[in-house]
Amino acid sequence: MTIRLTPGRGRPALALAALLGSAALTALPAQASAAAGSVAVQYRTSATGATADQSEPWLKVRNTGSSTVQLNQVKVRYYFKADPASAGYRFACSWAVRGCAGITGTFGTLAHPTATADRYLEIGFTPAAGTLTPGTDTGDMQLRFYQSNWQTLRQSDDYSFNGGQTSYADWNKVTAQLSGATVWGTAPAGNDPTDPTDPTDPTDPPGGGQTLFDDFSYTSHTDPAIAAHGWNIRSNSGGPGVPGATWDPTKVTFTASGGNSVMNLETSTAGTSDSTRQTEILTQATKFRNGTYAARVKFSDAPKSGPDGDHLVQTFFTINDLKAPMADDYAEYDFEYLPNGGWGEPSNILYTTSWETYDPDPWQAVNQHTEARQSYAGWHDLVVTIDNSAITYYIDGQLFGTHDARYLPERPMSINFNQWLIDLAGQTSTTARAYDQQIDYVLHVKDQVLTPAQVTAKVAAYRGAGTAFVDEVPAA
C-alpha cells in the first residue's frame with residue numbers, strides 16, 4: 001500500500017461524523033400494403049427554424065392494418081444530432097388528443113452515429129393510451145424536447161427534421177415499431193431500432209433493475225416522505241467543517257425550477273462558529289457499492305447574500321465508515337467543488353477523489369484524485385461508475401478522471417450531499433452571508449455501468465412515466 005499524502009487537504013473524509021450519529025443494417029422501409037398489424041407515422045413541426053429554443057416534432061400514429069393495435073405496443077423514434085455531443089435533453093408533451101398522461105418520451109444514443117444523427121427521442125405509450133382500430137389515428141400529439149440547460153439547439157442537421165413540413169403528412173424519416181418489429185420508416189444507416197445490441201436497452205423502460213431514483217419532490221424538511229424514502233437530514237454535531245458549527249435541517253428546502261422540484265442546501269455564517277449553519281442529507285442505509293451513481297447538481301460561485309470569499313465545499317459523494325485509522329475496508333468517492341479555493345488552493349477548483357483509507361491524527365491519506373481549476377458555477381450532470389476494474393468520473397457527459405482498481409470499495413456505502421465551510425479564514429467579515437447548492441435528482445443503478453447518455457435516458461424515462469421516487473436496491 002502506498003501512502004499518498006495530499007498537501008493542503010488535511011481534513012477528515014467528508015462525512016465521517018455524519019456516519020457516526022453501445023455491414024450496416026437499415027430499417028425496413030415504409031410498408032406499401034397493409035399487414036394484419038401495421039402503423040404509419042405522420043409528422044409536422046411548429047418550430048421551423050434552423051435553430052430553436054426547442055424542437056417540436058408533432059406526430060400522429062395511424063393504424064394502416066386490418067386489426068386493432070394496442071398503442072402500448074408501439075414505439076416511434078425521431079432521430080437527431082446532439083449539439084454539443086455532451087448535451088442532455090428533456091422531453092415534454094404540450095397537448096395531445098388522447099392526453100399527455102398516456103405518452104412517454106425517452107432519449108437514446110445510436111450505436112453507429114451518422115453526420116445527421118447520434119441520438120433519438122423514442123415516443124411510447126402507456127396502457128392508458130388505449131387502442132387504434134383499423135383506419136384510425138391518435139390525433140394530434142404536440143411534442144417537444146430541449147436541452148437541459150435551455151441552450152439554443154440546431155435542427156437543420158437533424159435526420160428527422162423537416163422545417164418545411166408544417167402540415168401533417170407521412171414521414172419515413174421516423175421509425176415505428178409494433179410489438180418489437182419495425183413496421184414503418186428508415187433509420188439512419190446502421191441503426192436498425194430492433195438491433196438486439198442497441199446500447200440504450202438498459203434504460204428502457206423505467207425500472208426493471210435494482211435502481212434508486214429520487215426527484216426530490218418533497219414539501220419541506222419535515223415531510224415524512226423523506227424518512228420513508230430512506231433519507232436522513234443531518235442534525236448531529238461534528239465534522240467536517242468549522243468546529244462548533246450547526247448542521248441545520250431547516251436549511252434544507254425544496255422549490256420548483258425548470259419544471260421540476262429541486263432540493264436546496266443553504267450554508268450560512270456571520271464569521272463565527274456559533275453563527276455557522278451547514279447542511280447535509282444522506283441515505284439511512286449503507287447498501288450501495290458497484291454500479292452507476294448520478295446526480296444533477298447546481299454549484300454556486302457567489303453567495304446569494306452577503307460578502308463572498310468563504311472556503312466553501314459543495315459535494316456529491318458516497319462513503320462508508322472508517323472503523324479504525326488506515327482501515328483497508330474504508331471507501332469514499334467524491335465530487336467536491338470549492339468555489340473560493342481552500343486546502344491551499346487560491347481560487348475555484350473541482351476535485352474527484354477515490355479513497356482507500358486515511359488516518360485523521362496524524363493526518364495521512366491513501367487516495368487518488370483528479371482536479372480542474374476553473375469555475376463550475378451552474379448546473380452539471382455528475383456521474384461516477386464503479387465496476388471490478390476502475391472508478392470512472394464524468395462531468396456533463398465528458399470523461400473527467402479514471403482511478404485505479406486498488407481504490408475499489410470493499411463494503412457498501414451511503415449516498416450523500418452536503419455543503420460546508422472548511423474554515424472561516426477565506427472571509428473574515430462578521431456580516432451574514434449565505435450560499436446555495438441545489439440538487440435536481442439522484443440515481444443509482446446497482447451493478448450496471450451506464451454511459452452518461454444512458455443515465456440521461458433513464459432519468460427521462462422515470463420522469464416521462466411520472467415516477468418521482470423508486471428504490472429497488474436490496475439491503476446490503
# chains A, B, ... in the order shown; residues from 1 in each chain; ligands from 1

call {"tool": "select_by_dssp", "arguments": {"residues": "stretch 143-372 of chain A", "states": "strand (DSSP E or B)", "output": "PyMOL selection string"}}
result
chain A and resi 143-147+153-154+169-170+174-178+181-184+211-214+231-233+246-247+252-257+260-269+277-283+288+291-299+305+312-319+332-338+342+345+349-360+363-372

call {"tool": "residues_around", "arguments": {"residues": "A:Ala96", "least_positions_apart": "5", "cutoff": "7 Å", "atoms": "only C-alpha atoms", "output": "PyMOL selection string"}}
result
chain A and resi 140-142

call {"tool": "closest_residue", "arguments": {"among": "A:Asp361, A:Gly309, A:Phe316, A:Ser156", "to": "A:Asn348", "atoms": "only C-alpha atoms"}}
result
A:Gly309

call {"tool": "residues_around", "arguments": {"residues": "stretch 459-466 of chain A", "least_positions_apart": "2", "cutoff": "9 Å", "atoms": "only C-alpha atoms", "output": "list in words"}}
result
Tyr89, Arg90, Phe91, Ala92, Ala101, Gly102, Ile103, Thr104, Gly105, Thr106, Phe107, Thr126, Thr203, Asp204, Pro205, Pro206, Gly207, Phe213, Asp215, Tyr441, Leu443, Gln454, Val455, Thr456, Ala457, Ala468 and Phe469 of chain A

call {"tool": "residues_around", "arguments": {"residues": "stretch 387-399 of chain A", "least_positions_apart": "5", "cutoff": "7 Å", "atoms": "only C-alpha atoms", "output": "PyMOL selection string"}}
result
chain A and resi 86+290-291+380-382+404-405+408+452

call {"tool": "atom_distance", "arguments": {"atom1": "atom CA of A:Asp447", "atom2": "atom CA of A:Tyr330"}}
result
19.3 Å

call {"tool": "atom_distance", "arguments": {"atom1": "atom CA of A:Leu110", "atom2": "atom CA of A:Tyr43"}}
result
21.4 Å

call {"tool": "atom_distance", "arguments": {"atom1": "atom CA of A:Gly190", "atom2": "atom CA of A:Thr45"}}
result
26.1 Å

call {"tool": "decode", "arguments": {"residues": "stretch 301-338 of chain A", "atoms": "N, CA, C and O atoms", "output": "PDB file, in the first residue's frame"}}
result
ATOM      1  N   ASP A 301     -20.811  29.971  -7.353  1.00  0.00           N
ATOM      2  CA  ASP A 301     -19.558  30.674  -7.099  1.00  0.00           C
ATOM      3  C   ASP A 301     -19.718  31.805  -6.094  1.00  0.00           C
ATOM      4  O   ASP A 301     -18.770  32.161  -5.391  1.00  0.00           O
ATOM      5  N   ALA A 302     -20.885  32.394  -6.054  1.00  0.00           N
ATOM      6  CA  ALA A 302     -21.107  33.570  -5.224  1.00  0.00           C
ATOM      7  C   ALA A 302     -22.238  33.315  -4.238  1.00  0.00           C
ATOM      8  O   ALA A 302     -23.136  32.514  -4.496  1.00  0.00           O
ATOM      9  N   PRO A 303     -22.206  33.996  -3.103  1.00  0.00           N
ATOM     10  CA  PRO A 303     -23.310  33.836  -2.157  1.00  0.00           C
ATOM     11  C   PRO A 303     -24.591  34.454  -2.699  1.00  0.00           C
ATOM     12  O   PRO A 303     -24.558  35.353  -3.534  1.00  0.00           O
ATOM     13  N   LYS A 304     -25.695  33.988  -2.215  1.00  0.00           N
ATOM     14  CA  LYS A 304     -26.963  34.605  -2.601  1.00  0.00           C
ATOM     15  C   LYS A 304     -27.194  35.902  -1.827  1.00  0.00           C
ATOM     16  O   LYS A 304     -28.004  36.736  -2.233  1.00  0.00           O
ATOM     17  N   SER A 305     -26.448  36.071  -0.749  1.00  0.00           N
ATOM     18  CA  SER A 305     -26.498  37.316   0.005  1.00  0.00           C
ATOM     19  C   SER A 305     -25.203  37.464   0.778  1.00  0.00           C
ATOM     20  O   SER A 305     -24.540  36.480   1.114  1.00  0.00           O
ATOM     21  N   GLY A 306     -24.802  38.715   1.043  1.00  0.00           N
ATOM     22  CA  GLY A 306     -23.630  38.980   1.843  1.00  0.00           C
ATOM     23  C   GLY A 306     -22.326  38.909   1.073  1.00  0.00           C
ATOM     24  O   GLY A 306     -22.305  38.624  -0.125  1.00  0.00           O
ATOM     25  N   PRO A 307     -21.196  39.176   1.747  1.00  0.00           N
ATOM     26  CA  PRO A 307     -19.878  39.184   1.098  1.00  0.00           C
ATOM     27  C   PRO A 307     -19.423  37.791   0.684  1.00  0.00           C
ATOM     28  O   PRO A 307     -19.758  36.796   1.318  1.00  0.00           O
ATOM     29  N   ASP A 308     -18.625  37.739  -0.390  1.00  0.00           N
ATOM     30  CA  ASP A 308     -18.123  36.476  -0.935  1.00  0.00           C
ATOM     31  C   ASP A 308     -16.761  36.149  -0.334  1.00  0.00           C
ATOM     32  O   ASP A 308     -16.137  36.980   0.332  1.00  0.00           O
ATOM     33  N   GLY A 309     -16.267  34.938  -0.601  1.00  0.00           N
ATOM     34  CA  GLY A 309     -14.904  34.590  -0.252  1.00  0.00           C
ATOM     35  C   GLY A 309     -14.729  33.414   0.669  1.00  0.00           C
ATOM     36  O   GLY A 309     -13.609  32.953   0.888  1.00  0.00           O
ATOM     37  N   ASP A 310     -15.779  32.890   1.247  1.00  0.00           N
ATOM     38  CA  ASP A 310     -15.633  31.779   2.186  1.00  0.00           C
ATOM     39  C   ASP A 310     -15.100  30.515   1.515  1.00  0.00           C
ATOM     40  O   ASP A 310     -15.382  30.236   0.341  1.00  0.00           O
ATOM     41  N   HIS A 311     -14.354  29.757   2.276  1.00  0.00           N
ATOM     42  CA  HIS A 311     -13.818  28.475   1.804  1.00  0.00           C
ATOM     43  C   HIS A 311     -14.911  27.411   1.889  1.00  0.00           C
ATOM     44  O   HIS A 311     -14.985  26.641   2.851  1.00  0.00           O
ATOM     45  N   LEU A 312     -15.748  27.385   0.879  1.00  0.00           N
ATOM     46  CA  LEU A 312     -16.942  26.553   0.824  1.00  0.00           C
ATOM     47  C   LEU A 312     -16.656  25.257   0.080  1.00  0.00           C
ATOM     48  O   LEU A 312     -15.876  25.229  -0.870  1.00  0.00           O
ATOM     49  N   VAL A 313     -17.311  24.174   0.492  1.00  0.00           N
ATOM     50  CA  VAL A 313     -17.225  22.890  -0.200  1.00  0.00           C
ATOM     51  C   VAL A 313     -18.640  22.438  -0.547  1.00  0.00           C
ATOM     52  O   VAL A 313     -19.500  22.325   0.346  1.00  0.00           O
ATOM     53  N   GLN A 314     -18.895  22.174  -1.835  1.00  0.00           N
ATOM     54  CA  GLN A 314     -20.195  21.702  -2.307  1.00  0.00           C
ATOM     55  C   GLN A 314     -19.994  20.320  -2.913  1.00  0.00           C
ATOM     56  O   GLN A 314     -19.102  20.128  -3.745  1.00  0.00           O
ATOM     57  N   THR A 315     -20.809  19.344  -2.530  1.00  0.00           N
ATOM     58  CA  THR A 315     -20.449  17.950  -2.775  1.00  0.00           C
ATOM     59  C   THR A 315     -21.591  17.059  -3.256  1.00  0.00           C
ATOM     60  O   THR A 315     -22.768  17.349  -3.066  1.00  0.00           O
ATOM     61  N   PHE A 316     -21.187  15.932  -3.844  1.00  0.00           N
ATOM     62  CA  PHE A 316     -21.979  14.721  -4.084  1.00  0.00           C
ATOM     63  C   PHE A 316     -21.008  13.568  -3.900  1.00  0.00           C
ATOM     64  O   PHE A 316     -19.954  13.544  -4.528  1.00  0.00           O
ATOM     65  N   PHE A 317     -21.337  12.625  -3.016  1.00  0.00           N
ATOM     66  CA  PHE A 317     -20.365  11.574  -2.728  1.00  0.00           C
ATOM     67  C   PHE A 317     -21.025  10.330  -2.148  1.00  0.00           C
ATOM     68  O   PHE A 317     -22.187  10.343  -1.743  1.00  0.00           O
ATOM     69  N   THR A 318     -20.242   9.257  -2.118  1.00  0.00           N
ATOM     70  CA  THR A 318     -20.606   8.013  -1.441  1.00  0.00           C
ATOM     71  C   THR A 318     -19.533   7.718  -0.408  1.00  0.00           C
ATOM     72  O   THR A 318     -18.370   8.088  -0.573  1.00  0.00           O
ATOM     73  N   ILE A 319     -19.911   6.997   0.661  1.00  0.00           N
ATOM     74  CA  ILE A 319     -18.961   6.805   1.761  1.00  0.00           C
ATOM     75  C   ILE A 319     -19.425   5.666   2.663  1.00  0.00           C
ATOM     76  O   ILE A 319     -20.620   5.373   2.738  1.00  0.00           O
ATOM     77  N   ASN A 320     -18.466   5.028   3.332  1.00  0.00           N
ATOM     78  CA  ASN A 320     -18.782   4.185   4.480  1.00  0.00           C
ATOM     79  C   ASN A 320     -17.926   4.617   5.660  1.00  0.00           C
ATOM     80  O   ASN A 320     -17.143   5.566   5.559  1.00  0.00           O
ATOM     81  N   ASP A 321     -18.062   3.970   6.780  1.00  0.00           N
ATOM     82  CA  ASP A 321     -17.396   4.429   7.981  1.00  0.00           C
ATOM     83  C   ASP A 321     -15.962   3.901   8.083  1.00  0.00           C
ATOM     84  O   ASP A 321     -15.661   2.797   7.648  1.00  0.00           O
ATOM     85  N   LEU A 322     -15.096   4.724   8.657  1.00  0.00           N
ATOM     86  CA  LEU A 322     -13.721   4.333   8.950  1.00  0.00           C
ATOM     87  C   LEU A 322     -13.722   3.618  10.302  1.00  0.00           C
ATOM     88  O   LEU A 322     -13.897   4.243  11.345  1.00  0.00           O
ATOM     89  N   LYS A 323     -13.510   2.315  10.271  1.00  0.00           N
ATOM     90  CA  LYS A 323     -13.595   1.542  11.506  1.00  0.00           C
ATOM     91  C   LYS A 323     -12.386   1.730  12.402  1.00  0.00           C
ATOM     92  O   LYS A 323     -12.482   1.562  13.622  1.00  0.00           O
ATOM     93  N   ALA A 324     -11.249   2.053  11.778  1.00  0.00           N
ATOM     94  CA  ALA A 324     -10.029   2.305  12.531  1.00  0.00           C
ATOM     95  C   ALA A 324      -9.094   3.088  11.631  1.00  0.00           C
ATOM     96  O   ALA A 324      -9.218   3.021  10.404  1.00  0.00           O
ATOM     97  N   PRO A 325      -8.157   3.855  12.186  1.00  0.00           N
ATOM     98  CA  PRO A 325      -7.211   4.581  11.337  1.00  0.00           C
ATOM     99  C   PRO A 325      -6.513   3.646  10.354  1.00  0.00           C
ATOM    100  O   PRO A 325      -6.036   2.569  10.727  1.00  0.00           O
ATOM    101  N   MET A 326      -6.508   4.029   9.074  1.00  0.00           N
ATOM    102  CA  MET A 326      -5.873   3.283   7.977  1.00  0.00           C
ATOM    103  C   MET A 326      -6.541   1.938   7.700  1.00  0.00           C
ATOM    104  O   MET A 326      -5.943   1.059   7.079  1.00  0.00           O
ATOM    105  N   ALA A 327      -7.791   1.768   8.123  1.00  0.00           N
ATOM    106  CA  ALA A 327      -8.514   0.516   7.853  1.00  0.00           C
ATOM    107  C   ALA A 327      -8.686   0.314   6.349  1.00  0.00           C
ATOM    108  O   ALA A 327      -9.104   1.232   5.633  1.00  0.00           O
ATOM    109  N   ASP A 328      -8.380  -0.903   5.846  1.00  0.00           N
ATOM    110  CA  ASP A 328      -8.389  -1.169   4.411  1.00  0.00           C
ATOM    111  C   ASP A 328      -9.783  -1.243   3.805  1.00  0.00           C
ATOM    112  O   ASP A 328      -9.927  -1.170   2.579  1.00  0.00           O
ATOM    113  N   ASP A 329     -10.814  -1.401   4.621  1.00  0.00           N
ATOM    114  CA  ASP A 329     -12.155  -1.565   4.054  1.00  0.00           C
ATOM    115  C   ASP A 329     -12.941  -0.260   4.020  1.00  0.00           C
ATOM    116  O   ASP A 329     -14.146  -0.267   3.786  1.00  0.00           O
ATOM    117  N   TYR A 330     -12.257   0.873   4.241  1.00  0.00           N
ATOM    118  CA  TYR A 330     -12.904   2.169   4.100  1.00  0.00           C
ATOM    119  C   TYR A 330     -13.048   2.509   2.611  1.00  0.00           C
ATOM    120  O   TYR A 330     -12.233   2.104   1.779  1.00  0.00           O
ATOM    121  N   ALA A 331     -14.090   3.262   2.253  1.00  0.00           N
ATOM    122  CA  ALA A 331     -14.290   3.688   0.866  1.00  0.00           C
ATOM    123  C   ALA A 331     -15.023   5.021   0.841  1.00  0.00           C
ATOM    124  O   ALA A 331     -15.916   5.275   1.665  1.00  0.00           O
ATOM    125  N   GLU A 332     -14.646   5.865  -0.111  1.00  0.00           N
ATOM    126  CA  GLU A 332     -15.300   7.165  -0.315  1.00  0.00           C
ATOM    127  C   GLU A 332     -14.989   7.635  -1.737  1.00  0.00           C
ATOM    128  O   GLU A 332     -13.850   7.529  -2.198  1.00  0.00           O
ATOM    129  N   TYR A 333     -16.012   8.171  -2.446  1.00  0.00           N
ATOM    130  CA  TYR A 333     -15.874   8.629  -3.831  1.00  0.00           C
ATOM    131  C   TYR A 333     -16.593   9.966  -3.942  1.00  0.00           C
ATOM    132  O   TYR A 333     -17.806  10.043  -3.762  1.00  0.00           O
ATOM    133  N   ASP A 334     -15.810  11.033  -4.210  1.00  0.00           N
ATOM    134  CA  ASP A 334     -16.302  12.398  -4.063  1.00  0.00           C
ATOM    135  C   ASP A 334     -16.302  13.194  -5.354  1.00  0.00           C
ATOM    136  O   ASP A 334     -15.365  13.100  -6.151  1.00  0.00           O
ATOM    137  N   PHE A 335     -17.317  14.039  -5.509  1.00  0.00           N
ATOM    138  CA  PHE A 335     -17.260  15.270  -6.295  1.00  0.00           C
ATOM    139  C   PHE A 335     -17.255  16.397  -5.274  1.00  0.00           C
ATOM    140  O   PHE A 335     -18.202  16.525  -4.475  1.00  0.00           O
ATOM    141  N   GLU A 336     -16.194  17.224  -5.255  1.00  0.00           N
ATOM    142  CA  GLU A 336     -16.104  18.337  -4.319  1.00  0.00           C
ATOM    143  C   GLU A 336     -15.756  19.612  -5.086  1.00  0.00           C
ATOM    144  O   GLU A 336     -14.703  19.671  -5.729  1.00  0.00           O
ATOM    145  N   TYR A 337     -16.607  20.609  -5.009  1.00  0.00           N
ATOM    146  CA  TYR A 337     -16.355  21.894  -5.669  1.00  0.00           C
ATOM    147  C   TYR A 337     -16.070  22.952  -4.625  1.00  0.00           C
ATOM    148  O   TYR A 337     -16.855  23.139  -3.684  1.00  0.00           O
ATOM    149  N   LEU A 338     -14.920  23.632  -4.783  1.00  0.00           N
ATOM    150  CA  LEU A 338     -14.513  24.712  -3.903  1.00  0.00           C
ATOM    151  C   LEU A 338     -14.557  26.021  -4.701  1.00  0.00           C
ATOM    152  O   LEU A 338     -13.617  26.344  -5.438  1.00  0.00           O
TER     153      LEU A 338
END
